[in-house]
file structure-v6.txt (compact mmCIF, C-alpha atoms)
# COMPACT_ATOMS: atom_id res chain seq x y z
CA MET A 59 150.79 84.67 112.71
CA THR A 60 153.04 85.72 115.55
CA LEU A 61 153.70 89.21 116.85
CA LYS A 62 157.05 89.51 118.57
CA GLU A 63 159.68 92.04 119.51
CA THR A 64 162.59 92.01 117.06
CA SER A 65 165.19 94.59 118.10
CA LEU A 66 162.39 96.42 119.94
CA LEU A 67 160.33 96.52 116.71
CA PRO A 68 156.93 94.79 116.94
CA THR A 69 157.12 92.24 114.14
CA ILE A 70 154.43 90.19 112.43
CA ASP A 71 155.33 86.84 110.90
CA ILE A 72 152.82 86.11 108.12
CA GLU A 73 154.53 82.75 107.60
CA ASP A 74 153.42 81.14 104.29
CA LEU A 75 150.32 83.32 103.90
CA GLY A 76 150.40 85.63 100.89
CA LEU A 77 148.83 89.06 100.81
CA ASP A 78 146.60 87.80 98.03
CA ALA A 79 145.22 85.25 100.50
CA GLY A 80 144.48 87.48 103.48
CA ALA A 81 147.85 88.35 105.04
CA HIS A 82 147.00 92.06 104.64
CA LEU A 83 144.45 91.65 107.46
CA LEU A 84 147.18 90.57 109.86
CA ILE A 85 149.32 93.53 108.87
CA LYS A 86 146.40 95.95 109.08
CA HIS A 87 145.59 94.83 112.62
CA GLY A 88 149.26 95.00 113.56
CA LEU A 89 149.40 98.63 112.42
CA LEU A 90 146.46 99.45 114.68
CA GLY A 91 148.75 98.64 117.59
CA VAL A 92 151.06 101.59 116.86
CA PRO A 93 150.24 105.29 116.47
CA PRO A 94 150.48 107.07 113.09
CA GLY A 95 154.18 107.40 112.33
CA GLY A 96 154.99 104.27 114.34
CA ASP A 97 156.70 101.23 112.79
CA ILE A 98 156.09 97.51 112.71
CA GLY A 99 158.19 94.77 111.13
CA VAL A 100 156.82 92.16 108.73
CA ILE A 101 158.51 88.87 107.81
CA GLY A 102 157.21 86.06 105.65
CA ARG A 103 158.04 83.02 103.54
CA SER A 104 155.51 82.94 100.71
CA PRO A 105 156.93 83.56 97.23
CA GLY A 106 156.88 87.25 96.27
CA TRP A 107 155.45 88.46 99.58
CA GLU A 108 157.78 91.48 99.60
CA ALA A 109 156.40 92.80 96.27
CA GLN A 110 152.84 92.14 97.36
CA LEU A 111 153.44 94.01 100.61
CA ALA A 112 155.01 96.94 98.81
CA ALA A 113 152.00 97.25 96.51
CA TRP A 114 149.56 97.04 99.41
CA CYS A 115 151.45 99.64 101.43
CA ARG A 116 151.41 102.06 98.49
CA SER A 117 147.64 101.67 98.11
CA GLN A 118 147.09 102.31 101.81
CA GLY A 119 149.55 105.17 102.24
CA HIS A 120 151.96 103.34 104.55
CA PRO A 121 155.69 103.91 103.83
CA MET A 122 157.76 100.71 103.69
CA VAL A 123 161.44 99.81 103.49
CA LEU A 124 163.14 96.40 103.23
CA ASN A 125 166.08 95.41 105.44
CA GLU A 126 168.14 92.30 106.11
CA GLN A 127 167.94 90.95 109.66
CA ASP A 128 169.38 87.66 110.88
CA GLY A 129 169.60 86.46 107.30
CA ARG A 130 165.95 87.15 106.56
CA VAL A 131 164.21 89.98 104.75
CA LEU A 132 162.42 92.28 107.19
CA ALA A 133 159.93 94.85 105.95
CA ARG A 134 159.68 97.95 108.11
CA VAL A 135 156.17 99.41 107.65
CA THR A 136 155.35 102.88 108.98
CA ARG A 137 151.71 103.53 109.82
CA GLY A 138 150.42 106.37 107.68
CA GLY A 139 148.06 109.07 108.93
CA PHE A 140 144.28 108.81 108.61
CA GLU A 141 144.45 111.10 105.59
CA ALA A 142 146.70 108.63 103.76
CA GLY A 143 145.82 106.44 100.82
CA ARG A 144 142.20 105.95 99.91
CA TRP A 145 141.10 108.04 102.90
CA ARG A 146 143.10 111.06 101.81
CA ASN A 147 140.11 113.34 101.24
CA ALA A 148 137.59 111.57 103.44
CA LEU A 149 135.10 113.51 105.54
CA HIS A 150 134.20 112.41 109.05
CA THR A 151 130.46 112.86 109.28
CA GLY A 152 127.84 113.36 111.92
CA HIS A 153 130.14 114.58 114.67
CA VAL A 154 129.44 118.26 114.93
CA ASP A 155 131.19 118.01 118.29
CA ALA A 156 133.98 115.44 118.47
CA THR A 157 133.21 114.95 122.17
CA GLN A 158 129.63 113.90 121.37
CA PRO A 159 129.60 110.93 118.97
CA GLY A 160 126.33 110.76 117.05
CA ALA A 161 125.47 114.43 117.58
CA ILE A 162 122.86 115.79 115.19
CA ALA A 163 124.11 118.43 112.77
CA GLU A 164 122.11 121.62 112.25
CA LYS A 165 122.59 121.12 108.51
CA ALA A 166 123.24 117.77 106.84
CA LEU A 167 125.73 118.00 103.98
CA PRO A 168 125.15 116.63 100.47
CA SER A 169 128.56 114.94 100.63
CA TRP A 170 127.31 112.68 103.44
CA GLY A 171 124.89 111.01 101.03
CA MET A 172 123.24 107.91 102.43
CA SER A 173 126.07 107.04 104.80
CA ALA A 174 125.33 106.05 108.38
CA ARG A 175 125.45 109.05 110.70
CA GLY A 176 129.03 109.34 111.98
CA ALA A 177 130.49 107.11 109.26
CA THR A 178 133.62 108.02 107.34
CA VAL A 179 132.73 108.86 103.74
CA GLU A 180 135.33 107.88 101.18
CA ALA A 181 136.59 110.57 98.84
CA GLY A 182 134.81 110.49 95.51
CA SER A 183 131.44 109.48 96.90
CA PRO A 184 128.65 111.30 95.05
CA ALA A 185 126.98 114.31 96.61
CA MET A 186 123.25 113.77 97.19
CA HIS A 187 120.97 116.74 97.58
CA PHE A 188 118.00 116.25 99.90
CA ARG A 189 115.58 119.16 100.16
CA LEU A 190 114.97 118.60 103.88
CA ASP A 191 118.52 118.96 105.19
CA GLN A 192 117.98 121.42 108.06
CA LYS A 193 117.50 120.06 111.58
CA SER A 194 115.04 122.82 112.44
CA GLU A 195 112.80 121.82 109.53
CA VAL A 196 112.25 118.20 110.59
CA TRP A 197 113.62 117.35 114.01
CA SER A 198 111.85 116.14 117.11
CA ALA A 199 113.79 114.93 120.13
CA SER A 200 111.00 112.44 120.78
CA ALA A 201 111.27 110.77 117.34
CA ALA A 202 113.43 107.87 118.55
CA ASP A 203 111.15 107.14 121.52
CA LEU A 204 108.02 107.38 119.38
CA TYR A 205 109.57 105.02 116.85
CA ALA A 206 110.39 102.50 119.59
CA GLN A 207 106.81 102.77 120.86
CA ALA A 208 105.48 102.30 117.34
CA VAL A 209 107.60 99.19 116.78
CA ALA A 210 106.40 97.70 120.06
CA ALA A 211 102.78 98.56 119.28
CA GLN A 212 102.57 97.10 115.77
CA TRP A 213 99.60 94.79 115.47
CA ASN A 214 98.58 91.96 113.19
CA PRO A 215 94.94 92.37 112.07
CA ASP A 216 94.45 88.61 111.85
CA ALA A 217 95.70 88.08 115.39
CA VAL A 218 94.05 90.94 117.32
CA ILE A 219 90.74 91.45 115.50
CA ASP A 220 88.06 88.81 115.84
CA TRP A 221 86.82 88.86 112.25
CA ASN A 222 84.55 85.88 112.99
CA ALA A 223 82.71 87.54 115.86
CA PRO A 224 79.00 86.89 115.26
CA PHE A 225 76.78 89.94 114.69
CA GLU A 226 73.98 91.08 112.41
CA LEU A 227 73.09 94.75 112.01
CA PRO A 228 69.98 96.32 110.48
CA GLU A 229 70.66 97.02 106.81
CA VAL A 230 70.56 100.77 107.32
CA VAL A 231 73.15 100.58 110.14
CA GLU A 232 75.46 98.30 108.13
CA ASP A 233 75.17 100.81 105.27
CA ALA A 234 76.19 103.55 107.72
CA VAL A 235 79.26 101.59 108.85
CA VAL A 236 80.28 101.06 105.22
CA GLN A 237 79.89 104.77 104.43
CA VAL A 238 81.93 105.86 107.44
CA PHE A 239 84.77 103.47 106.62
CA THR A 240 84.67 104.52 102.95
CA TYR A 241 85.21 108.09 104.08
CA MET A 242 87.94 107.05 106.50
CA ILE A 243 89.86 105.13 103.84
CA GLU A 244 90.35 108.17 101.61
CA ASN A 245 91.49 110.20 104.61
CA GLU A 246 93.99 107.49 105.54
CA VAL A 247 95.25 107.44 101.96
CA ALA A 248 96.09 111.14 102.33
CA ALA A 249 97.69 110.45 105.73
CA LEU A 250 99.86 107.82 104.02
CA ILE A 251 100.85 109.92 101.02
CA VAL A 252 101.95 113.01 102.97
CA PRO A 253 104.72 111.37 105.08
CA ALA A 254 105.66 109.11 102.17
CA ARG A 255 106.22 112.14 99.95
CA PHE A 256 108.50 113.80 102.49
CA LEU A 257 110.43 110.57 103.14
CA GLY A 258 112.20 110.86 99.79
CA GLN A 259 113.14 114.48 100.52
CA LEU A 260 114.51 113.91 104.02
CA HIS A 261 118.29 113.70 104.53
CA PRO A 262 119.17 110.26 106.01
CA HIS A 263 121.25 112.02 108.66
CA PHE A 264 117.93 112.55 110.48
CA ARG A 265 117.34 108.81 110.60
CA GLU A 266 115.07 108.81 113.67
CA VAL A 267 112.56 111.02 111.89
CA GLN A 268 112.99 108.97 108.72
CA ALA A 269 112.21 105.74 110.60
CA LEU A 270 109.19 107.28 112.33
CA LEU A 271 107.71 108.56 109.08
CA ALA A 272 108.24 105.15 107.51
CA ILE A 273 106.37 103.38 110.29
CA GLN A 274 103.58 105.95 110.06
CA VAL A 275 103.22 105.02 106.40
CA ALA A 276 102.99 101.37 107.46
CA ASP A 277 100.36 102.28 110.08
CA GLU A 278 98.20 104.00 107.49
CA ALA A 279 98.57 101.13 105.04
CA ARG A 280 97.33 98.75 107.74
CA HIS A 281 94.40 101.03 108.57
CA ILE A 282 93.36 101.15 104.91
CA ASP A 283 93.51 97.36 104.81
CA VAL A 284 91.39 96.76 107.92
CA PHE A 285 88.86 99.46 107.02
CA THR A 286 88.44 97.79 103.61
CA ARG A 287 88.08 94.37 105.20
CA ARG A 288 85.36 95.70 107.52
CA ILE A 289 83.49 97.16 104.54
CA ARG A 290 83.54 93.79 102.78
CA LEU A 291 82.87 91.72 105.90
CA LYS A 292 79.17 91.50 105.04
CA GLY A 293 79.62 91.42 101.28
CA ARG A 294 79.51 95.19 100.65
CA GLU A 295 81.61 97.47 98.48
CA PRO A 296 82.79 101.02 99.33
CA ALA A 297 80.13 103.74 99.27
CA LEU A 298 80.27 107.45 98.30
CA SER A 299 83.38 109.62 97.93
CA THR A 300 82.67 113.31 97.31
CA ALA A 301 84.49 115.99 95.35
CA GLY A 302 84.54 118.26 98.40
CA GLY A 303 86.19 115.61 100.56
CA GLN A 304 88.88 114.89 98.02
CA THR A 305 89.48 118.61 97.41
CA SER A 306 90.08 119.03 101.14
CA LEU A 307 92.57 116.18 101.18
CA LYS A 308 94.35 117.48 98.08
CA THR A 309 95.32 120.64 99.99
CA LEU A 310 97.26 118.42 102.41
CA ILE A 311 99.05 116.57 99.65
CA ASP A 312 99.94 119.81 97.85
CA GLU A 313 101.50 121.49 100.92
CA PRO A 314 105.29 121.74 100.25
CA ASP A 315 106.49 122.75 103.74
CA PHE A 316 107.14 119.81 106.07
CA SER A 317 106.25 121.62 109.29
CA ILE A 318 103.07 123.14 107.89
CA ALA A 319 102.02 119.78 106.45
CA GLU A 320 102.62 118.17 109.86
CA PHE A 321 100.55 120.93 111.46
CA LEU A 322 97.60 120.59 109.09
CA LEU A 323 97.69 116.79 108.86
CA SER A 324 98.84 115.55 112.27
CA VAL A 325 97.99 118.29 114.76
CA LEU A 326 94.67 119.37 113.29
CA GLY A 327 93.55 116.54 110.99
CA GLU A 328 94.75 113.36 112.70
CA GLY A 329 94.11 114.92 116.09
CA THR A 330 90.49 115.39 115.05
CA PHE A 331 90.50 111.85 113.64
CA VAL A 332 91.52 110.45 117.03
CA SER A 333 88.30 111.93 118.42
CA LEU A 334 86.34 110.30 115.59
CA LEU A 335 87.96 106.90 116.19
CA LEU A 336 87.28 107.08 119.93
CA PHE A 337 83.68 107.98 119.09
CA LEU A 338 83.46 104.91 116.86
CA HIS A 339 84.92 102.75 119.61
CA ALA A 340 82.40 104.06 122.14
CA HIS A 341 79.36 103.78 119.89
CA ALA A 342 80.27 101.01 117.43
CA PRO A 343 77.26 98.80 116.67
CA ASP A 344 79.43 95.68 116.33
CA PRO A 345 82.56 94.20 117.97
CA VAL A 346 84.75 94.25 114.84
CA THR A 347 84.22 97.98 114.26
CA ARG A 348 84.90 98.59 117.96
CA GLN A 349 88.22 96.71 117.89
CA ILE A 350 89.38 98.39 114.68
CA ALA A 351 88.59 101.86 115.99
CA MET A 352 90.60 101.47 119.20
CA LEU A 353 93.64 99.98 117.48
CA ALA A 354 93.70 102.70 114.82
CA ALA A 355 93.20 105.45 117.44
CA ARG A 356 96.34 104.33 119.29
CA ASP A 357 98.38 104.59 116.09
CA GLU A 358 96.96 107.99 115.20
CA ALA A 359 97.71 109.33 118.68
CA ARG A 360 101.43 108.64 118.06
CA HIS A 361 101.25 110.51 114.76
CA VAL A 362 99.75 113.48 116.57
CA ALA A 363 102.46 113.28 119.25
CA PHE A 364 105.22 113.56 116.64
CA GLY A 365 103.56 116.53 114.96
CA MET A 366 103.20 118.29 118.30
CA THR A 367 106.75 117.67 119.54
CA HIS A 368 108.23 118.66 116.18
CA LEU A 369 106.27 121.91 116.06
CA MET A 370 106.96 122.77 119.69
CA ALA A 371 110.69 122.37 119.01
CA ARG A 372 110.52 124.53 115.91
CA LEU A 373 108.44 127.21 117.61
CA ASP A 374 110.85 127.33 120.57
CA ASN A 375 113.63 128.30 118.14
CA GLU A 376 111.48 130.20 115.67
CA PRO A 377 108.47 131.82 117.42
CA ASP A 378 107.51 133.80 114.32
CA PHE A 379 106.73 130.52 112.56
CA ARG A 380 103.48 130.53 114.52
CA THR A 381 102.23 133.26 112.16
CA ARG A 382 102.87 131.02 109.16
CA LEU A 383 100.86 128.24 110.78
CA ALA A 384 97.92 130.57 111.32
CA HIS A 385 98.12 131.78 107.72
CA ALA A 386 98.16 128.17 106.51
CA VAL A 387 94.88 127.44 108.31
CA GLN A 388 93.29 130.60 106.90
CA SER A 389 94.55 129.89 103.38
CA ARG A 390 93.23 126.34 103.48
CA ASN A 391 89.87 127.59 104.72
CA ASP A 392 89.73 130.11 101.88
CA ALA A 393 90.66 127.47 99.31
CA LEU A 394 87.84 125.22 100.52
CA SER A 395 85.20 127.92 100.95
CA ALA A 396 83.35 126.81 97.82
CA THR A 397 83.21 123.14 98.82
CA SER A 398 80.41 121.50 100.75
CA GLY A 399 82.58 120.33 103.64
CA LEU A 400 81.76 117.02 105.29
CA ASN A 401 79.97 114.53 103.08
CA GLU A 402 76.32 114.69 104.17
CA GLU A 403 76.14 110.93 103.80
CA VAL A 404 78.98 110.58 106.31
CA PHE A 405 77.28 112.90 108.81
CA ASP A 406 74.03 110.97 108.55
CA ALA A 407 75.93 107.68 108.74
CA LEU A 408 77.58 108.74 111.99
CA ILE A 409 74.15 109.49 113.46
CA LEU A 410 72.81 106.09 112.41
CA LEU A 411 75.95 104.33 113.62
CA ALA A 412 75.68 106.01 117.02
CA ALA A 413 71.95 105.30 117.10
CA GLY A 414 72.28 101.60 116.35
CA GLU A 415 68.82 101.47 114.82
CA SER A 416 66.47 103.68 112.80
CA THR A 417 63.82 104.52 115.39
CA PRO A 418 62.97 108.13 116.34
CA THR A 419 64.30 107.70 119.86
CA ALA A 420 67.53 106.08 118.70
CA ILE A 421 68.07 108.69 115.98
CA ALA A 422 67.58 111.49 118.51
CA THR A 423 70.24 109.90 120.71
CA GLY A 424 72.59 109.40 117.78
CA TYR A 425 72.18 113.01 116.71
CA LEU A 426 73.06 114.30 120.17
CA ARG A 427 76.10 112.04 120.28
CA VAL A 428 77.37 113.39 116.95
CA GLN A 429 76.87 116.97 118.15
CA GLN A 430 78.95 116.13 121.21
CA LEU A 431 81.60 114.62 118.91
CA MET A 432 81.80 117.94 117.03
CA ARG A 433 82.33 119.79 120.31
CA ASP A 434 84.97 117.28 121.43
CA MET A 435 86.81 117.69 118.13
CA ALA A 436 86.79 121.50 118.40
CA GLU A 437 87.93 121.46 122.02
CA GLY A 438 90.73 119.00 121.22
CA ARG A 439 91.99 121.17 118.36
CA GLN A 440 91.86 124.25 120.56
CA ALA A 441 93.80 122.53 123.35
CA ARG A 442 96.55 121.44 120.95
CA LEU A 443 96.75 124.92 119.45
CA GLU A 444 97.08 126.48 122.89
CA LYS A 445 99.85 124.00 123.70
CA LEU A 446 101.65 125.30 120.61
CA GLY A 447 101.56 128.80 122.09
CA PHE A 448 98.48 130.31 120.45
CA THR A 449 96.33 132.51 122.64
CA VAL A 450 92.93 131.18 123.72
CA LYS A 451 91.20 133.55 121.28
CA ALA A 452 93.49 132.63 118.37
CA ALA A 453 93.15 128.93 119.15
CA GLN A 454 89.36 129.19 119.12
CA GLU A 455 89.35 131.05 115.82
CA LEU A 456 91.80 128.67 114.13
CA SER A 457 89.94 125.62 115.41
CA ALA A 458 86.73 127.00 113.94
CA LEU A 459 88.44 127.54 110.58
CA HIS A 460 89.60 123.92 110.36
CA THR A 461 88.04 122.07 107.45
CA ARG A 462 84.54 120.71 108.04
CA ASN A 463 85.80 117.50 106.44
CA PHE A 464 87.55 116.74 109.78
CA MET A 465 90.91 115.83 108.20
call {"tool": "encode", "arguments": {"input": "structure-v6.txt", "output": "structure tokens"}}
result
Amino acid sequence: MTLKETSLLPTIDIEDLGLDAGAHLLIKHGLLGVPPGGDIGVIGRSPGWEAQLAAWCRSQGHPMVLNEQDGRVLARVTRGGFEAGRWRNALHTGHVDATQPGAIAEKALPSWGMSARGATVEAGSPAMHFRLDQKSEVWSASAADLYAQAVAAQWNPDAVIDWNAPFELPEVVEDAVVQVFTYMIENEVAALIVPARFLGQLHPHFREVQALLAIQVADEARHIDVFTRRIRLKGREPALSTAGGQTSLKTLIDEPDFSIAEFLLSVLGEGTFVSLLLFLHAHAPDPVTRQIAMLAARDEARHVAFGMTHLMARLDNEPDFRTRLAHAVQSRNDALSATSGLNEEVFDALILLAAGESTPTAIATGYLRVQQLMRDMAEGRQARLEKLGFTVKAAQELSALHTRNFM
């Protein structure tokens, strides 16, 4: 292909290449060199190239006329506007401000479907209705950074946990470890289901949040796997799961509002769970449990960070939403008032785990450590609530109302 000036008209010579064999690409790129309304010339030698060109120009919305020049047929092709041809009714998406490519829209449109943010959507594409299509409902400016951190921090259980580390625990302490991890698995199942449920309702325009929720689901799946492997490390099977514990978790799964679910799950529940995991790391009776607890705590801390930054952004724009958060805590407390709260077996298991052995002195130490854990959990919840703008008094009251099942 050659592009040359013929009577001041940029002209493409497609030589023997037919439009059915790729010559349209040469013409398309030639048209990019002139503005809409500008002309290029096309000459060729393949049989029937003029008819092929005419058909292609019609499909693309580019006017074309044929002329004789120096004894050869010259096609004069005029570049059509962007609205021509198959793009006639296209919508340019994602650019709420043309000077800011990639800007996030306050409301994502159904007509954008699953297109990449900022892509051009061809006319006739199906409208797709996603329930979570408002920026204020889902957005966090930190989502992209948190996702990048999560990608960098992904860990392979077989590579970073020494499953062959030698240890033998008293039977009663091993039983305690199994009970605690049994309890933690069902909580992590809930922490997996909640973001997974919202993923299918979230408009892809908010792709940073979509990616972060997806990696949170992967985090929880990995936690469930390693907790199960620790249970079975010494040939055991999972222990007791109570009706009260599952009733507590069901309230999280049933919550339809994304922000409230993030508040109850991430800010209150997973925030409290970080304290529990750090407690397990500090007082684990064996090296495998200690390694698992620290790795899972790092993941959960990112989940809490997203919940906090999302809610702080929403509350900055919608301060009255704070009242809805408080009502959600009260409503959940009321709904669980008839349940027994934390599985007694789990509470006792935490004492034994922190004790390391079943002697009076060790049990006394373990009991005191679990009481301190409860205080740490309450203080952590209160601090996060105050950061969200609740008064000290309100934060104390809401922290006290949080489910006794921790999550």
call {"tool": "atom_distance", "arguments": {"input": "structure-v6.txt", "atom1": "atom CA of A:Arg290", "atom2": "atom CA of A:Pro345"}}
result
15.2 Å
call {"tool": "residues_around", "arguments": {"input": "structure-v6.txt", "residues": "stretch 406-413 of chain A", "least_positions_apart": "4", "cutoff": "8 Å", "atoms": "all atoms listed in the file", "output": "ChimeraX atom specification"}}
result
/A:230-231,233-235,237-238,338,341-343,402,420-425,427-428
call {"tool": "atom_distance", "arguments": {"input": "structure-v6.txt", "atom1": "atom CA of A:Gly91", "atom2": "atom CA of A:Ser183"}}
result
29.1 Å
call {"tool": "atom_distance", "arguments": {"input": "structure-v6.txt", "atom1": "atom CA of A:Ala206", "atom2": "atom CA of A:Val275"}}
result
15.2 Å
call {"tool": "residues_around", "arguments": {"input": "structure-v6.txt", "residues": "stretch 391-395 of chain A", "least_positions_apart": "6", "cutoff": "10 Å", "atoms": "all atoms listed in the file", "output": "PyMOL selection string"}}
result
chain A and resi 302-303+305-306+309+385+456+458-463
call {"tool": "write_last_selection", "arguments": {"input": "structure-v6.txt", "atoms": "C-alpha atoms", "output": "PDB file, in the frame of the given file"}}
result
ATOM      1  CA  GLY A 302      84.540 118.260  98.400  1.00  0.00           C
ATOM      2  CA  GLY A 303      86.190 115.610 100.560  1.00  0.00           C
ATOM      3  CA  THR A 305      89.480 118.610  97.410  1.00  0.00           C
ATOM      4  CA  SER A 306      90.080 119.030 101.140  1.00  0.00           C
ATOM      5  CA  THR A 309      95.320 120.640  99.990  1.00  0.00           C
ATOM      6  CA  HIS A 385      98.120 131.780 107.720  1.00  0.00           C
ATOM      7  CA  LEU A 456      91.800 128.670 114.130  1.00  0.00           C
ATOM      8  CA  ALA A 458      86.730 127.000 113.940  1.00  0.00           C
ATOM      9  CA  LEU A 459      88.440 127.540 110.580  1.00  0.00           C
ATOM     10  CA  HIS A 460      89.600 123.920 110.360  1.00  0.00           C
ATOM     11  CA  THR A 461      88.040 122.070 107.450  1.00  0.00           C
ATOM     12  CA  ARG A 462      84.540 120.710 108.040  1.00  0.00           C
ATOM     13  CA  ASN A 463      85.800 117.500 106.440  1.00  0.00           C
TER      14      ASN A 463
END
call {"tool": "closest_residue", "arguments": {"input": "structure-v6.txt", "among": "A:Val252, A:Ile85, A:Cys115, A:Ile273", "to": "A:Ser324", "atoms": "only C-alpha atoms"}}
result
A:Val252
call {"tool": "closest_residue", "arguments": {"input": "structure-v6.txt", "among": "A:Gly329, A:Gly106, A:Gly399, A:Gly447", "to": "A:Asp378", "atoms": "only C-alpha atoms"}}
result
A:Gly447
call {"tool": "residues_around", "arguments": {"input": "structure-v6.txt", "residues": "A:Met366", "least_positions_apart": "5", "cutoff": "8 Å", "atoms": "only C-alpha atoms", "output": "compact mmCIF listing (two decimals) with C-alpha atoms, in the coordinates of the input"}}
result
# COMPACT_ATOMS: atom_id res chain seq x y z
CA PHE A 321 100.55 120.93 111.46
CA SER A 324 98.84 115.55 112.27
CA VAL A 325 97.99 118.29 114.76
CA ARG A 442 96.55 121.44 120.95
CA LEU A 446 101.65 125.30 120.61
call {"tool": "residues_around", "arguments": {"input": "structure-v6.txt", "residues": "A:Thr330", "least_positions_apart": "5", "cutoff": "9 Å", "atoms": "only C-alpha atoms", "output": "JSON, numbers by chain"}}
result
{"A": [324, 325, 335, 434, 435, 436, 438, 439, 464, 465]}
call {"tool": "closest_residue", "arguments": {"input": "structure-v6.txt", "among": "A:Asp312, A:Glu295, A:Glu266, A:Glu278", "to": "A:Arg390", "atoms": "only C-alpha atoms"}}
result
A:Asp312
